[in-house]
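Chemist: Attaching a single structure in structure tokens format; questions to follow.
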2 protein chains.
Amino acid sequence: MSILCVGSVALDSVETPFAKAERVLGGSATFFTSAATLFSPVQVVGVVGEDYPLAKLDFLSERGADLSGIEQRPGESFFWAGKYHSDLNTRDTLETRLGVFADFEPKIPDAFKASKYVFLGNIDPDLQHDVLDQVDAPDVVACDTMNYWIEGNRESLNSLLERVNILIVNDEEARQLADEPNLLKASRWIRDRGPDIVVIKKGEHGAILFADDWLFFVPGYPLEEVFDPTGAGDAFAGGFMGSLAQAGNLEATSLRRAMVFGSVMGSFAVERFSVERLIDLSRPLVDKRLHEFHEMTAFETHMGIEQRV
Amino acid sequence: MSILCVGSVALDSVETPFAKAERVLGGSATFFTSAATLFSPVQVVGVVGEDYPLAKLDFLSERGADLSGIEQRPGESFFWAGKYHSDLNTRDTLETRLGVFADFEPKIPDAFKASKYVFLGNIDPDLQHDVLDQVDAPDVVACDTMNYWIEGNRESLNSLLERVNILIVNDEEARQLADEPNLLKASRWIRDRGPDIVVIKKGEHGAILFADDWLFFVPGYPLEEVFDPTGAGDAFAGGFMGSLAQAGNLEATSLRRAMVFGSVMGSFAVERFSVERLIDLSRPLVDKRLHEFHEMTAFETHMGIEQRV
């Protein structure tokens with residue numbers, strides 16, 4: 001199953017306590033697609049400026065991405081510069097220049113309209129609506145958002161939720177969206193407004209999937225060095241949706257495994273700058289880490305000895 | 001297998017955003033024993049003042065605790081008063097009166113000295129040494145500590161680590177002890193100083209066990225209401241050690257299950273004030289929640305369909 005992904009294709013300058021990277025590949029669609037193509041083909045819709053090094057995205061085409069929906073327009077590409085603090089959990093945005101992204105109006109190519117899996121990256125909810133207006137009849141619509149839209153375009157976002165099957169957000173966004181600090185209650189608030197499934201990402205602490213009468217928890221992969229956290233959430237979404245599209249259904253077994261692949265891809269993403277680690281990655285390495293997650297979390301419920309009552 | 005537990009037996013006054021409780025059962029040994037006795041007998045060593053409502057500990061004797069090592073001395077019991085902030089993750093200590101606990105010198109009754117499982121609750125490392133000097137030849141020594149001792153009696157604590165098999169601390173304590181923000185590296189630092197096993201508790205985010213060449217992750221149980229977080233860490237330690245002592249070995253299977261029982265007991269502890277929820281608890285309810293943890297974390301690694309390469 002192919003996934004339609006609409007989001008930002010950007011350039012990032014990132015400074016961490018360890019090193020600096022200048023104008024490297026970034027953006028939600030870029031990270032998502034770098035992760036998802038390890039599992040399923042992806043059709044990408046986005047916009048870049050004349051300055052974008054499109055040849056650097058060739059690795060995506062080579063592993064099954066269709067980049068024909070990335071429009072190149074006169075002007076500058078979306079540029080973000082940030083600096084991480086010493087614990088890598090917080091960062092300062094040094095500069096944001098929207099460039100051609102400021103006037104982004106997603107145009108879904110005809111060849112992409114029949115997509116059964118759609119991922120709406122973190123863009124204006126009005127544009128996310130526009131994308132859904134253009135596609136035929138997707139089986140699964142997943143969506144990301146952020147505090148900026150929760151505060152700035154709440155009405156559009158609320159009506160978008162009715163059209164979404166899976167909302168993928170981080171813990172702070174879930175709390176803000178539902179105006180509720182408890183994640184169980186926040187997820188119920190969100191699910192009452194449309195999505196059957198809510199995935200809440202908690203950074204290094206993993207992620208939780210909330211469904212109708214069950215939930216699933218995946219930890220973060222314990223790393224000795226988090227090199228650059230940028231894009232971890234989008235790589236998570238890519239691993240999650242890629243694995244789901246590969247399974248071709250929303251059964252609990254598929255959703256559980258998708259959560260683990262999400263955490264796997266997020267953990268690889270942070271091991272180097274930009275999408276560097278994802279470029280090198282092969283599916284056997286991904287599956288190896290999936291098995292490590294199994295080792296990290298599996299336990300036997302049976303005591304194997306007489307129970308004390 | 002019986003567990004020797006040495007720690008504080010206290011009275012707590014607790015204020016949460018929801019309610020207040022005055023002079024209720026508290027202390028590390030109290031919470032530990034309330035949880036551990038669901039699995040194994042516990043021998044308790046501690047000290048209380050003349051004001052302590054010892055009859056309220058009868059439920060512990062009824063389910064296999066030997067409280068003959070709790071000395072009652074002239075003076076006041078250890079008293080702690082605290083107030084939780086609205087998110088329940090932080091609290092202010094309003095009052096601490098050590099009372100008879102200030103002069104606590106653990107005397108291990110002869111009948112307790114052959115214990116094979118020892119839990120050293122969070123007390124002065126010098127006293128933890130004293131306890132180990134008095135016992136015969138325990139198979140498993142587990143130990144808790146806190147920032148106060150890490151800052152105030154580091155030398156004694158470092159030499160204690162050489163005598164300990166399992167260190168059970170929270171994430172901030174692990175980071176402070178090892179002077180290392182990364183938990184993987186901090187656990188290695190600690191393990192290099194003695195303990196074969198390090199258990200790091202992360203509050204609502206669960207806990208991680210670090211062993212020689214493997215680790216195990218258990219999430220926190222998602223609760224709609226955390227009523228009172230006091231004692232959750234000690235209840236975790238009680239579930240963990242109780243389950244281990246019941247298994248009677250340190251095999252990986254036993255350690256993994258012990259971690260889950262630890263998280264189970266921590267989750268019950270926070271559902272009401274003091275040890276109230278633990279008093280009511282029966283083993284079938286505990287096992288039911290263990291199975292819920294299994295449902296929350298189990299996944300199949302096999303795709304069940306042809307892999308895309």
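Each chain of the structure tokens is named A, B, ... in the order shown, its residues numbered from 1; ligands are numbered from 1 in display order.
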Within 9 Å of chain B, which residues belong to chain A? Use only C-alpha atoms and report them as a ChimeraX atom specification.

Modeler: /A:38-40,87,181-185,205-206,214-219,222-225,246-247,253-254,256-257,260,282-284,287,290-291,294-305,307-309

Chemist: Compile the contact shell of B:Ser187 as a VMD selection string: residues with an atom at most 10 Å away, counting only C-alpha atoms, same-chain residues fewer than 3 positions apart removed.

Modeler: chain B and resid 167 171 174 to 175 177 to 178 180 182 to 184 190 to 192 195 197 to 200 208 to 211

Chemist: Taking the chain letters and numbering used in this document, name the residues of stretch 115-218 of chain B that DSSP puts in strand (DSSP E or B), as a list in words.

Modeler: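 So the strand (DSSP E or B) residues in stretch 115-218 of chain B would be Tyr117, Val118, Phe119, Leu120, Val140, Val141, Ala142, Cys143, Ile166, Leu167, Ile168, Val169, Asn170, Ile197, Val198, Val199, Ile200, Lys201, Ala207, Ile208, Leu209, Phe210, Leu215, Phe216, Phe217 and Val218 of chain B.
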
Chemist: Quick one: write out the picked residues with N, CA and C atoms as a PDB file, in the first residue's frame?

Modeler:
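Now in result.pdb:
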```
ATOM      1  N   TYR B 117      16.924 -12.557  51.638  1.00  0.00           N
ATOM      2  CA  TYR B 117      16.604 -11.344  50.867  1.00  0.00           C
ATOM      3  C   TYR B 117      16.557 -10.170  51.828  1.00  0.00           C
ATOM      4  N   VAL B 118      17.324  -9.131  51.510  1.00  0.00           N
ATOM      5  CA  VAL B 118      17.400  -7.961  52.383  1.00  0.00           C
ATOM      6  C   VAL B 118      17.070  -6.712  51.563  1.00  0.00           C
ATOM      7  N   PHE B 119      16.165  -5.891  52.096  1.00  0.00           N
ATOM      8  CA  PHE B 119      15.898  -4.587  51.468  1.00  0.00           C
ATOM      9  C   PHE B 119      16.275  -3.485  52.445  1.00  0.00           C
ATOM     10  N   LEU B 120      17.250  -2.663  52.026  1.00  0.00           N
ATOM     11  CA  LEU B 120      17.683  -1.538  52.828  1.00  0.00           C
ATOM     12  C   LEU B 120      16.949  -0.298  52.345  1.00  0.00           C
ATOM     13  N   VAL B 140      20.543 -11.947  48.329  1.00  0.00           N
ATOM     14  CA  VAL B 140      20.217 -10.749  47.559  1.00  0.00           C
ATOM     15  C   VAL B 140      20.073  -9.553  48.505  1.00  0.00           C
ATOM     16  N   VAL B 141      20.902  -8.543  48.291  1.00  0.00           N
ATOM     17  CA  VAL B 141      20.771  -7.294  49.041  1.00  0.00           C
ATOM     18  C   VAL B 141      20.346  -6.198  48.073  1.00  0.00           C
ATOM     19  N   ALA B 142      19.177  -5.623  48.314  1.00  0.00           N
ATOM     20  CA  ALA B 142      18.709  -4.493  47.507  1.00  0.00           C
ATOM     21  C   ALA B 142      18.700  -3.249  48.378  1.00  0.00           C
ATOM     22  N   CYS B 143      18.893  -2.119  47.744  1.00  0.00           N
ATOM     23  CA  CYS B 143      19.118  -0.892  48.496  1.00  0.00           C
ATOM     24  C   CYS B 143      18.519   0.298  47.772  1.00  0.00           C
ATOM     25  N   ILE B 166      21.458  -5.188  44.172  1.00  0.00           N
ATOM     26  CA  ILE B 166      20.467  -4.454  43.382  1.00  0.00           C
ATOM     27  C   ILE B 166      20.294  -3.060  43.967  1.00  0.00           C
ATOM     28  N   LEU B 167      20.594  -2.048  43.173  1.00  0.00           N
ATOM     29  CA  LEU B 167      20.298  -0.687  43.605  1.00  0.00           C
ATOM     30  C   LEU B 167      18.993  -0.246  42.949  1.00  0.00           C
ATOM     31  N   ILE B 168      18.073   0.249  43.777  1.00  0.00           N
ATOM     32  CA  ILE B 168      16.777   0.723  43.276  1.00  0.00           C
ATOM     33  C   ILE B 168      16.671   2.209  43.575  1.00  0.00           C
ATOM     34  N   VAL B 169      16.748   3.045  42.544  1.00  0.00           N
ATOM     35  CA  VAL B 169      16.699   4.494  42.743  1.00  0.00           C
ATOM     36  C   VAL B 169      15.818   5.126  41.674  1.00  0.00           C
ATOM     37  N   ASN B 170      15.487   6.410  41.834  1.00  0.00           N
ATOM     38  CA  ASN B 170      14.770   7.077  40.751  1.00  0.00           C
ATOM     39  C   ASN B 170      15.764   7.712  39.778  1.00  0.00           C
ATOM     40  N   ILE B 197      22.730  -5.367  39.344  1.00  0.00           N
ATOM     41  CA  ILE B 197      21.473  -4.920  38.754  1.00  0.00           C
ATOM     42  C   ILE B 197      21.132  -3.522  39.263  1.00  0.00           C
ATOM     43  N   VAL B 198      20.755  -2.660  38.339  1.00  0.00           N
ATOM     44  CA  VAL B 198      20.300  -1.322  38.712  1.00  0.00           C
ATOM     45  C   VAL B 198      18.874  -1.152  38.200  1.00  0.00           C
ATOM     46  N   VAL B 199      17.981  -0.779  39.098  1.00  0.00           N
ATOM     47  CA  VAL B 199      16.598  -0.495  38.724  1.00  0.00           C
ATOM     48  C   VAL B 199      16.377   1.005  38.858  1.00  0.00           C
ATOM     49  N   ILE B 200      16.032   1.648  37.749  1.00  0.00           N
ATOM     50  CA  ILE B 200      15.809   3.095  37.774  1.00  0.00           C
ATOM     51  C   ILE B 200      14.321   3.377  37.564  1.00  0.00           C
ATOM     52  N   LYS B 201      13.716   3.988  38.592  1.00  0.00           N
ATOM     53  CA  LYS B 201      12.287   4.317  38.550  1.00  0.00           C
ATOM     54  C   LYS B 201      12.111   5.693  37.915  1.00  0.00           C
ATOM     55  N   ALA B 207       9.783   2.229  34.622  1.00  0.00           N
ATOM     56  CA  ALA B 207      11.070   1.916  35.231  1.00  0.00           C
ATOM     57  C   ALA B 207      11.888   1.067  34.268  1.00  0.00           C
ATOM     58  N   ILE B 208      13.210   1.121  34.434  1.00  0.00           N
ATOM     59  CA  ILE B 208      14.114   0.316  33.610  1.00  0.00           C
ATOM     60  C   ILE B 208      15.035  -0.479  34.512  1.00  0.00           C
ATOM     61  N   LEU B 209      15.207  -1.756  34.188  1.00  0.00           N
ATOM     62  CA  LEU B 209      16.200  -2.591  34.865  1.00  0.00           C
ATOM     63  C   LEU B 209      17.397  -2.766  33.948  1.00  0.00           C
ATOM     64  N   PHE B 210      18.583  -2.503  34.492  1.00  0.00           N
ATOM     65  CA  PHE B 210      19.824  -2.683  33.745  1.00  0.00           C
ATOM     66  C   PHE B 210      20.595  -3.858  34.356  1.00  0.00           C
ATOM     67  N   LEU B 215      18.553  -5.270  29.244  1.00  0.00           N
ATOM     68  CA  LEU B 215      17.767  -4.355  30.058  1.00  0.00           C
ATOM     69  C   LEU B 215      16.297  -4.673  29.843  1.00  0.00           C
ATOM     70  N   PHE B 216      15.483  -4.183  30.761  1.00  0.00           N
ATOM     71  CA  PHE B 216      14.052  -4.448  30.679  1.00  0.00           C
ATOM     72  C   PHE B 216      13.295  -3.193  31.058  1.00  0.00           C
ATOM     73  N   PHE B 217      12.264  -2.924  30.270  1.00  0.00           N
ATOM     74  CA  PHE B 217      11.503  -1.697  30.459  1.00  0.00           C
ATOM     75  C   PHE B 217      10.071  -2.026  30.837  1.00  0.00           C
ATOM     76  N   VAL B 218       9.567  -1.405  31.903  1.00  0.00           N
ATOM     77  CA  VAL B 218       8.142  -1.534  32.224  1.00  0.00           C
ATOM     78  C   VAL B 218       7.529  -0.131  32.259  1.00  0.00           C
TER      79      VAL B 218
END
```

Chemist: For A:Gly82, please output as a ChimeraX atom specification all residues within 6 Å (counting only C-alpha atoms; exclusion window: fewer than 6 positions along the same chain).

Modeler: /A:14,92-94

Chemist: Convert the current residue selection to file output with N, CA and C atoms, as a compact mmCIF listing (two decimals), in the first residue's frame.

Modeler:
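Contents of result.txt, freshly written:
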```
# COMPACT_ATOMS: atom_id res chain seq x y z
N VAL A 14 21.28 23.14 12.47
CA VAL A 14 21.09 22.61 13.82
C VAL A 14 22.40 22.67 14.60
N ASP A 92 16.18 26.12 21.47
CA ASP A 92 15.77 27.46 21.07
C ASP A 92 15.71 27.52 19.55
N THR A 93 14.63 28.11 19.04
CA THR A 93 14.58 28.38 17.61
C THR A 93 15.34 29.67 17.37
N LEU A 94 16.39 29.61 16.55
CA LEU A 94 17.20 30.79 16.27
C LEU A 94 16.63 31.57 15.10
```

Chemist: Excluding A:Gly49 and its own-chain neighbours fewer than 2 positions away, which residues fall within 12 Å of it when counting only C-alpha atoms? Please give them as a PyMOL selection string.

Modeler: chain A and resi 8-11+46-47+51-54+70-79+97-104

Chemist: Determine the nearest neighbour of B:Thr96 from the options B:Val48, B:Ser13, B:Leu250, B:Gly152, counting only C-alpha atoms.

Modeler: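 Looking at the shortest contact to B:Thr96, the residue is B:Ser13.
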
Chemist: What gap, in Å, lies between atom CA of A:Leu160 and atom CA of A:Ala269?

Modeler: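 Straight-line distance from atom CA of A:Leu160 to atom CA of A:Ala269 works out to 28.7 Å.
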
Chemist: Calculate how many Å separate atom CA of A:Gly27 from atom CA of A:Arg272, rounding to one decimal.

Modeler: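 Calculated distance between atom CA of A:Gly27 and atom CA of A:Arg272 is 15.4 Å.
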
Chemist: Here is a test: counting only C-alpha atoms, which residue of B:Leu161, B:Leu281, B:Met146, B:Leu57 is nearest to B:Gly121?

Modeler: B:Met146

Chemist: Measuring between only C-alpha atoms, which one of B:Arg23, B:Arg188, B:Asp110, B:Val6 shows the shortest distance to B:His129?

Modeler: B:Val6
